[in-house]
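A.B. asks: Got start08.pdb for you, PDB, C-alpha atoms:
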ATOM      1  CA  MET I   1       7.879  35.445   2.202
ATOM      2  CA  LYS I   2       7.751  38.405   4.567
ATOM      3  CA  ASN I   3       5.851  38.035   7.816
ATOM      4  CA  PHE I   4       4.787  40.230  10.707
ATOM      5  CA  ILE I   5       4.774  37.636  13.455
ATOM      6  CA  LYS I   6       7.409  39.497  15.446
ATOM      7  CA  VAL I   7       5.342  42.694  15.242
ATOM      8  CA  GLU I   8       2.162  40.913  16.318
ATOM      9  CA  ARG I   9       4.061  39.210  19.120
ATOM     10  CA  ALA I  10       5.384  42.552  20.305
ATOM     11  CA  LYS I  11       1.861  44.001  20.286
ATOM     12  CA  LEU I  12       0.663  41.229  22.605
ATOM     13  CA  ASN I  13       3.981  41.232  24.497
ATOM     14  CA  ILE I  14       4.421  37.462  24.300
ATOM     15  CA  THR I  15       7.564  35.384  23.853
ATOM     16  CA  GLN I  16       8.365  32.975  21.019
ATOM     17  CA  GLN I  17       7.950  30.119  23.504
ATOM     18  CA  GLU I  18       4.443  31.254  24.468
ATOM     19  CA  LEU I  19       3.423  31.487  20.818
ATOM     20  CA  ALA I  20       5.042  28.106  20.132
ATOM     21  CA  ASN I  21       3.074  26.524  22.980
ATOM     22  CA  ALA I  22      -0.149  28.091  21.727
ATOM     23  CA  VAL I  23       0.235  26.718  18.194
ATOM     24  CA  GLN I  24       1.902  23.447  19.313
ATOM     25  CA  VAL I  25       5.276  23.754  17.602
ATOM     26  CA  SER I  26       8.810  24.238  18.890
ATOM     27  CA  ARG I  27      10.299  27.639  19.695
ATOM     28  CA  GLN I  28      12.908  26.927  16.996
ATOM     29  CA  THR I  29      10.143  26.681  14.400
ATOM     30  CA  ILE I  30       8.704  30.069  15.403
ATOM     31  CA  ASN I  31      12.190  31.569  15.293
ATOM     32  CA  SER I  32      12.855  30.068  11.861
ATOM     33  CA  ILE I  33       9.575  31.496  10.555
ATOM     34  CA  GLU I  34      10.310  34.958  11.974
ATOM     35  CA  THR I  35      13.792  34.989  10.465
ATOM     36  CA  GLN I  36      12.354  33.754   7.134
ATOM     37  CA  LYS I  37      14.369  30.541   7.183
ATOM     38  CA  TYR I  38      11.235  28.431   7.050
ATOM     39  CA  VAL I  39       7.880  28.952   5.334
ATOM     40  CA  PRO I  40       5.074  27.465   7.465
ATOM     41  CA  SER I  41       2.364  25.173   6.147
ATOM     42  CA  THR I  42      -1.155  26.465   5.531
ATOM     43  CA  ILE I  43      -2.362  24.817   8.735
ATOM     44  CA  LEU I  44       0.323  26.451  10.872
ATOM     45  CA  SER I  45      -0.175  29.830   9.140
ATOM     46  CA  LEU I  46      -3.901  29.661   9.892
ATOM     47  CA  LYS I  47      -3.233  28.661  13.501
ATOM     48  CA  ILE I  48      -0.856  31.609  14.001
ATOM     49  CA  ALA I  49      -3.266  34.020  12.303
ATOM     50  CA  PHE I  50      -6.130  32.708  14.466
ATOM     51  CA  PHE I  51      -3.999  33.165  17.583
ATOM     52  CA  PHE I  52      -3.294  36.810  16.720
ATOM     53  CA  LYS I  53      -6.903  37.327  15.546
ATOM     54  CA  VAL I  54      -5.756  38.612  12.146
ATOM     55  CA  THR I  55      -6.061  37.210   8.632
ATOM     56  CA  VAL I  56      -3.271  35.227   7.000
ATOM     57  CA  GLU I  57      -2.853  38.036   4.440
ATOM     58  CA  GLN I  58      -2.250  40.495   7.261
ATOM     59  CA  LEU I  59       0.399  38.216   8.737
ATOM     60  CA  PHE I  60       2.216  37.080   5.605
ATOM     61  CA  GLU I  61       3.189  39.027   2.505
ATOM     62  CA  LEU I  62       4.594  37.742  -0.754
ATOM     63  CA  GLU I  63       7.873  39.245  -1.942
ATOM     64  CA  ILE I  64       9.022  39.819  -5.533
ATOM     65  CA  GLU I  65      11.236  36.678  -5.519
ATOM     66  CA  ASP I  66       8.234  34.546  -4.408
TER      67      ASP I  66
ATOM     68  CA  MET V   1      -4.954  16.311   6.650
ATOM     69  CA  SER V   2      -2.248  15.642   9.185
ATOM     70  CA  THR V   3       1.130  17.387   8.924
ATOM     71  CA  THR V   4       2.851  14.795  11.118
ATOM     72  CA  ILE V   5       4.195  11.315  10.406
ATOM     73  CA  LYS V   6       3.867   8.233  12.585
ATOM     74  CA  LEU V   7       7.103   7.512  14.420
ATOM     75  CA  LEU V   8       8.190   5.520  17.444
ATOM     76  CA  PRO V   9       7.990   7.263  20.838
ATOM     77  CA  ASN V  10      10.969   9.402  21.910
ATOM     78  CA  TYR V  11      12.242   6.898  24.511
ATOM     79  CA  PHE V  12      13.155   4.511  21.666
ATOM     80  CA  LYS V  13      16.138   6.809  20.983
ATOM     81  CA  LYS V  14      17.576   5.987  24.411
ATOM     82  CA  VAL V  15      16.688   2.297  24.065
ATOM     83  CA  GLY V  16      18.323   2.148  20.604
ATOM     84  CA  LEU V  17      21.469   3.958  21.779
ATOM     85  CA  SER V  18      21.807   1.678  24.828
ATOM     86  CA  LEU V  19      21.414  -1.416  22.650
ATOM     87  CA  ILE V  20      24.002  -0.104  20.143
ATOM     88  CA  ILE V  21      26.495   0.396  23.000
ATOM     89  CA  ILE V  22      25.747  -3.119  24.328
ATOM     90  CA  THR V  23      26.217  -4.579  20.814
ATOM     91  CA  ILE V  24      29.544  -2.743  20.335
ATOM     92  CA  ILE V  25      30.753  -3.972  23.762
ATOM     93  CA  SER V  26      29.659  -7.508  22.798
ATOM     94  CA  ILE V  27      31.639  -7.254  19.531
ATOM     95  CA  VAL V  28      34.750  -6.076  21.418
ATOM     96  CA  ILE V  29      34.408  -8.869  24.016
ATOM     97  CA  THR V  30      33.805 -11.496  21.323
ATOM     98  CA  LYS V  31      36.875 -10.364  19.381
ATOM     99  CA  GLY V  32      39.022  -9.732  22.467
ATOM    100  CA  PHE V  33      38.443 -13.135  24.058
ATOM    101  CA  HIS V  34      38.409 -14.929  20.676
ATOM    102  CA  LEU V  35      34.877 -16.164  21.389
ATOM    103  CA  ASP V  36      34.170 -15.892  17.668
ATOM    104  CA  ASP V  37      36.330 -19.005  17.157
ATOM    105  CA  LEU V  38      33.595 -21.015  18.900
ATOM    106  CA  PHE V  39      30.936 -19.940  16.388
ATOM    107  CA  ASN V  40      30.765 -19.449  12.651
ATOM    108  CA  LYS V  41      32.562 -16.081  12.256
ATOM    109  CA  LYS V  42      30.564 -15.080   9.179
ATOM    110  CA  ILE V  43      27.192 -15.758  10.809
ATOM    111  CA  LEU V  44      28.243 -13.994  14.016
ATOM    112  CA  GLY V  45      29.449 -10.956  12.029
ATOM    113  CA  THR V  46      26.199 -10.815  10.090
ATOM    114  CA  ILE V  47      24.141 -11.047  13.291
ATOM    115  CA  PHE V  48      26.085  -8.172  14.889
ATOM    116  CA  LEU V  49      25.763  -6.001  11.761
ATOM    117  CA  ASP V  50      22.029  -6.731  11.505
ATOM    118  CA  LEU V  51      21.573  -5.861  15.165
ATOM    119  CA  LEU V  52      23.453  -2.580  14.672
ATOM    120  CA  ILE V  53      21.259  -1.714  11.667
ATOM    121  CA  PHE V  54      18.082  -2.561  13.578
ATOM    122  CA  PHE V  55      19.069  -0.456  16.587
ATOM    123  CA  CYS V  56      20.176   2.456  14.358
ATOM    124  CA  CYS V  57      16.775   2.312  12.641
ATOM    125  CA  MET V  58      15.169   2.432  16.077
ATOM    126  CA  ILE V  59      16.897   5.773  16.693
ATOM    127  CA  ILE V  60      16.215   7.097  13.177
ATOM    128  CA  PHE V  61      12.498   6.290  13.264
ATOM    129  CA  SER V  62      11.763   7.620  16.739
ATOM    130  CA  ARG V  63      10.326  11.056  17.433
ATOM    131  CA  ASP V  64      12.347  14.037  18.580
ATOM    132  CA  LYS V  65      11.250  15.620  21.862
ATOM    133  CA  ILE V  66       9.278  18.231  19.950
ATOM    134  CA  GLU V  67       8.196  16.933  16.566
ATOM    135  CA  ASP V  68       6.569  19.503  14.311
ATOM    136  CA  GLU V  69       6.377  20.253  10.591
ATOM    137  CA  MET V  70       9.848  21.826  10.502
ATOM    138  CA  THR V  71      11.545  18.809  12.104
ATOM    139  CA  ILE V  72       9.687  16.583   9.626
ATOM    140  CA  LEU V  73      11.036  18.712   6.771
ATOM    141  CA  ILE V  74      14.560  18.407   8.227
ATOM    142  CA  ARG V  75      14.028  14.640   8.545
ATOM    143  CA  LEU V  76      12.908  14.307   4.912
ATOM    144  CA  LYS V  77      15.844  16.415   3.696
ATOM    145  CA  GLN V  78      18.160  14.147   5.659
ATOM    146  CA  PHE V  79      16.707  11.027   4.028
ATOM    147  CA  ALA V  80      17.230  12.545   0.586
ATOM    148  CA  GLY V  81      20.730  13.752   1.554
ATOM    149  CA  THR V  82      21.674  10.338   2.901
ATOM    150  CA  PHE V  83      20.551   8.646  -0.305
ATOM    151  CA  ALA V  84      22.499  11.124  -2.445
ATOM    152  CA  GLY V  85      25.520  10.770  -0.150
ATOM    153  CA  ILE V  86      25.609   6.987  -0.338
ATOM    154  CA  VAL V  87      25.252   7.037  -4.150
ATOM    155  CA  ALA V  88      28.132   9.554  -4.374
ATOM    156  CA  MET V  89      30.227   7.469  -1.982
ATOM    157  CA  VAL V  90      29.773   4.251  -3.989
ATOM    158  CA  ILE V  91      30.501   5.974  -7.311
ATOM    159  CA  CYS V  92      33.568   7.832  -5.956
ATOM    160  CA  ARG V  93      34.899   4.651  -4.359
ATOM    161  CA  ASN V  94      34.594   2.766  -7.653
ATOM    162  CA  ILE V  95      36.268   5.613  -9.583
ATOM    163  CA  MET V  96      39.109   5.685  -7.029
ATOM    164  CA  ASP V  97      39.540   1.920  -7.307
ATOM    165  CA  ILE V  98      39.689   2.100 -11.110
ATOM    166  CA  ALA V  99      42.082   5.087 -10.994
ATOM    167  CA  THR V 100      44.458   3.268  -8.647
ATOM    168  CA  GLY V 101      44.354   0.142 -10.823
ATOM    169  CA  GLU V 102      42.481  -2.000  -8.304
ATOM    170  CA  ASN V 103      39.401  -4.094  -8.990
ATOM    171  CA  PRO V 104      36.274  -2.112  -8.016
ATOM    172  CA  LYS V 105      34.946  -3.463  -4.721
ATOM    173  CA  ASN V 106      31.232  -4.072  -4.399
ATOM    174  CA  TYR V 107      29.657  -3.218  -1.080
ATOM    175  CA  SER V 108      27.246  -5.686   0.450
ATOM    176  CA  ALA V 109      23.683  -4.524   1.152
ATOM    177  CA  THR V 110      24.322  -4.790   4.897
ATOM    178  CA  GLU V 111      27.400  -2.534   4.669
ATOM    179  CA  LEU V 112      25.528   0.029   2.574
ATOM    180  CA  ILE V 113      22.534   0.153   4.898
ATOM    181  CA  LEU V 114      24.811   0.523   7.921
ATOM    182  CA  PHE V 115      26.673   3.373   6.177
ATOM    183  CA  MET V 116      23.329   4.986   5.369
ATOM    184  CA  CYS V 117      22.243   4.736   8.997
ATOM    185  CA  PHE V 118      25.477   6.300  10.256
ATOM    186  CA  ILE V 119      25.403   9.083   7.630
ATOM    187  CA  HIS V 120      21.743   9.794   8.406
ATOM    188  CA  LEU V 121      22.313   9.952  12.161
ATOM    189  CA  THR V 122      25.384  12.181  11.766
ATOM    190  CA  PHE V 123      23.612  14.644   9.455
ATOM    191  CA  HIS V 124      20.330  14.598  11.369
ATOM    192  CA  TYR V 125      21.880  15.478  14.703
ATOM    193  CA  GLY V 126      24.409  17.834  13.075
ATOM    194  CA  ASN V 127      21.570  19.676  11.361
ATOM    195  CA  LEU V 128      19.395  19.858  14.474
ATOM    196  CA  TRP V 129      22.368  21.089  16.516
ATOM    197  CA  ASN V 130      23.226  23.740  13.907
ATOM    198  CA  ASN V 131      19.600  24.790  13.716
ATOM    199  CA  ARG V 132      19.320  25.180  17.490
ATOM    200  CA  LYS V 133      22.650  27.040  17.647
ATOM    201  CA  SER V 134      21.669  29.526  14.921
ATOM    202  CA  ASN V 135      18.175  29.960  16.429
ATOM    203  CA  ASN V 136      19.649  30.751  19.830
ATOM    204  CA  LYS V 137      21.901  33.373  18.229
ATOM    205  CA  ASP V 138      18.977  35.217  16.558
TER     206      ASP V 138
END
Is it possible to express this structure as structure tokens?

C.D. replies:
Amino acid sequence: MKNFIKVERAKLNITQQELANAVQVSRQTINSIETQKYVPSTILSLKIAFFFKVTVEQLFELEIED
Amino acid sequence: MSTTIKLLPNYFKKVGLSLIIITIISIVITKGFHLDDLFNKKILGTIFLDLLIFFCCMIIFSRDKIEDEMTILIRLKQFAGTFAGIVAMVICRNIMDIATGENPKNYSATELILFMCFIHLTFHYGNLWNNRKSNNKD
């Protein structure tokens, strides 16, 4: 699943650690999501989307293999 | 619905590790000074093994410093991996015994659980370490 977390983070100019603190997960988890090694749960996806003030659909995109 | 599981606090890892070291030192002292001759060797051995299992479980079931849904997923994968690993180990050992013409040896439950604990701890920390290393590279 493709995601635009890195793009949104760049727009707000915040680090992975700052985002991790805001959504109460580890920096490693944010990194794993950004590098598509880990697909977050619905709760975490909603938290991240809420943080960036976008919808989940704007943040995550299904790929053909999904 | 919660995405976390109830685990012991993080300091139990340090407590468990300290107690494992103390138990291992006690085993060495008991063997070294032949103190086990004073007691029933079998009972003493069982007590030490049970203590090791209990303290290993203390480490296994305590939280990491940052526990989130990804670490829980890693933890669950490790439990499944440990189970598969121990099944493979027992089967391979029996096949090896049969192939070499020996009588297949049956492991005791205590031995198996201790193996499981060691395999779990090795893979859990190996996986976390690998994960952190690869995340730091990215």

A.B. asks: Step by step, work through what the PyMOL selection byres ((chain I) within 9 of (chain V)) selects in the shown file, and finish by giving those residues as a PDB file with C-alpha atoms, keeping the file's coordinate frame.

C.D. replies:
ATOM      1  CA  GLN I  24       1.902  23.447  19.313  1.00  0.00           C
ATOM      2  CA  VAL I  25       5.276  23.754  17.602  1.00  0.00           C
ATOM      3  CA  SER I  26       8.810  24.238  18.890  1.00  0.00           C
ATOM      4  CA  ARG I  27      10.299  27.639  19.695  1.00  0.00           C
ATOM      5  CA  GLN I  28      12.908  26.927  16.996  1.00  0.00           C
ATOM      6  CA  THR I  29      10.143  26.681  14.400  1.00  0.00           C
ATOM      7  CA  ASN I  31      12.190  31.569  15.293  1.00  0.00           C
ATOM      8  CA  SER I  32      12.855  30.068  11.861  1.00  0.00           C
ATOM      9  CA  THR I  35      13.792  34.989  10.465  1.00  0.00           C
ATOM     10  CA  TYR I  38      11.235  28.431   7.050  1.00  0.00           C
ATOM     11  CA  PRO I  40       5.074  27.465   7.465  1.00  0.00           C
ATOM     12  CA  SER I  41       2.364  25.173   6.147  1.00  0.00           C
ATOM     13  CA  ILE I  43      -2.362  24.817   8.735  1.00  0.00           C
ATOM     14  CA  LEU I  44       0.323  26.451  10.872  1.00  0.00           C
TER      15      LEU I  44
END

A.B. asks: Any idea what the distance is between atom CA of Leu76 of chain V and atom CA of Leu62 of chain I?

C.D. replies: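 Atom CA of Leu62 of chain I lies at a distance of 25.5 Å from atom CA of Leu76 of chain V.
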
A.B. asks: Got a sec: who's within 12 Å of Phe52 of chain I, counting only C-alpha atoms, leaving out chain neighbours fewer than 4 positions off, as a ChimeraX atom specification?

C.D. replies: /I:4-14,19,22-23,45-48,56,58-59

A.B. asks: Keeping C-alpha atoms for every residue in the selection just given, could you write it to a file as a tab-separated table (two decimals), in the coordinates of the input?

C.D. replies:
chain	number	residue	atom	x	y	z
I	4	PHE	CA	4.79	40.23	10.71
I	5	ILE	CA	4.77	37.64	13.46
I	6	LYS	CA	7.41	39.50	15.45
I	7	VAL	CA	5.34	42.69	15.24
I	8	GLU	CA	2.16	40.91	16.32
I	9	ARG	CA	4.06	39.21	19.12
I	10	ALA	CA	5.38	42.55	20.30
I	11	LYS	CA	1.86	44.00	20.29
I	12	LEU	CA	0.66	41.23	22.60
I	13	ASN	CA	3.98	41.23	24.50
I	14	ILE	CA	4.42	37.46	24.30
I	19	LEU	CA	3.42	31.49	20.82
I	22	ALA	CA	-0.15	28.09	21.73
I	23	VAL	CA	0.24	26.72	18.19
I	45	SER	CA	-0.18	29.83	9.14
I	46	LEU	CA	-3.90	29.66	9.89
I	47	LYS	CA	-3.23	28.66	13.50
I	48	ILE	CA	-0.86	31.61	14.00
I	56	VAL	CA	-3.27	35.23	7.00
I	58	GLN	CA	-2.25	40.49	7.26
I	59	LEU	CA	0.40	38.22	8.74

A.B. asks: Could you jot down the atom CA of His124 of chain V to atom CA of Gln78 of chain V separation for me, Å, one decimal place?

C.D. replies: 6.1 Å

A.B. asks: What does the structure give for the distance between atom CA of Asp64 of chain V and atom CA of Asn10 of chain V, in Å to one decimal?

C.D. replies: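 Going from atom CA of Asp64 of chain V over to atom CA of Asn10 of chain V, I get 5.9 Å.
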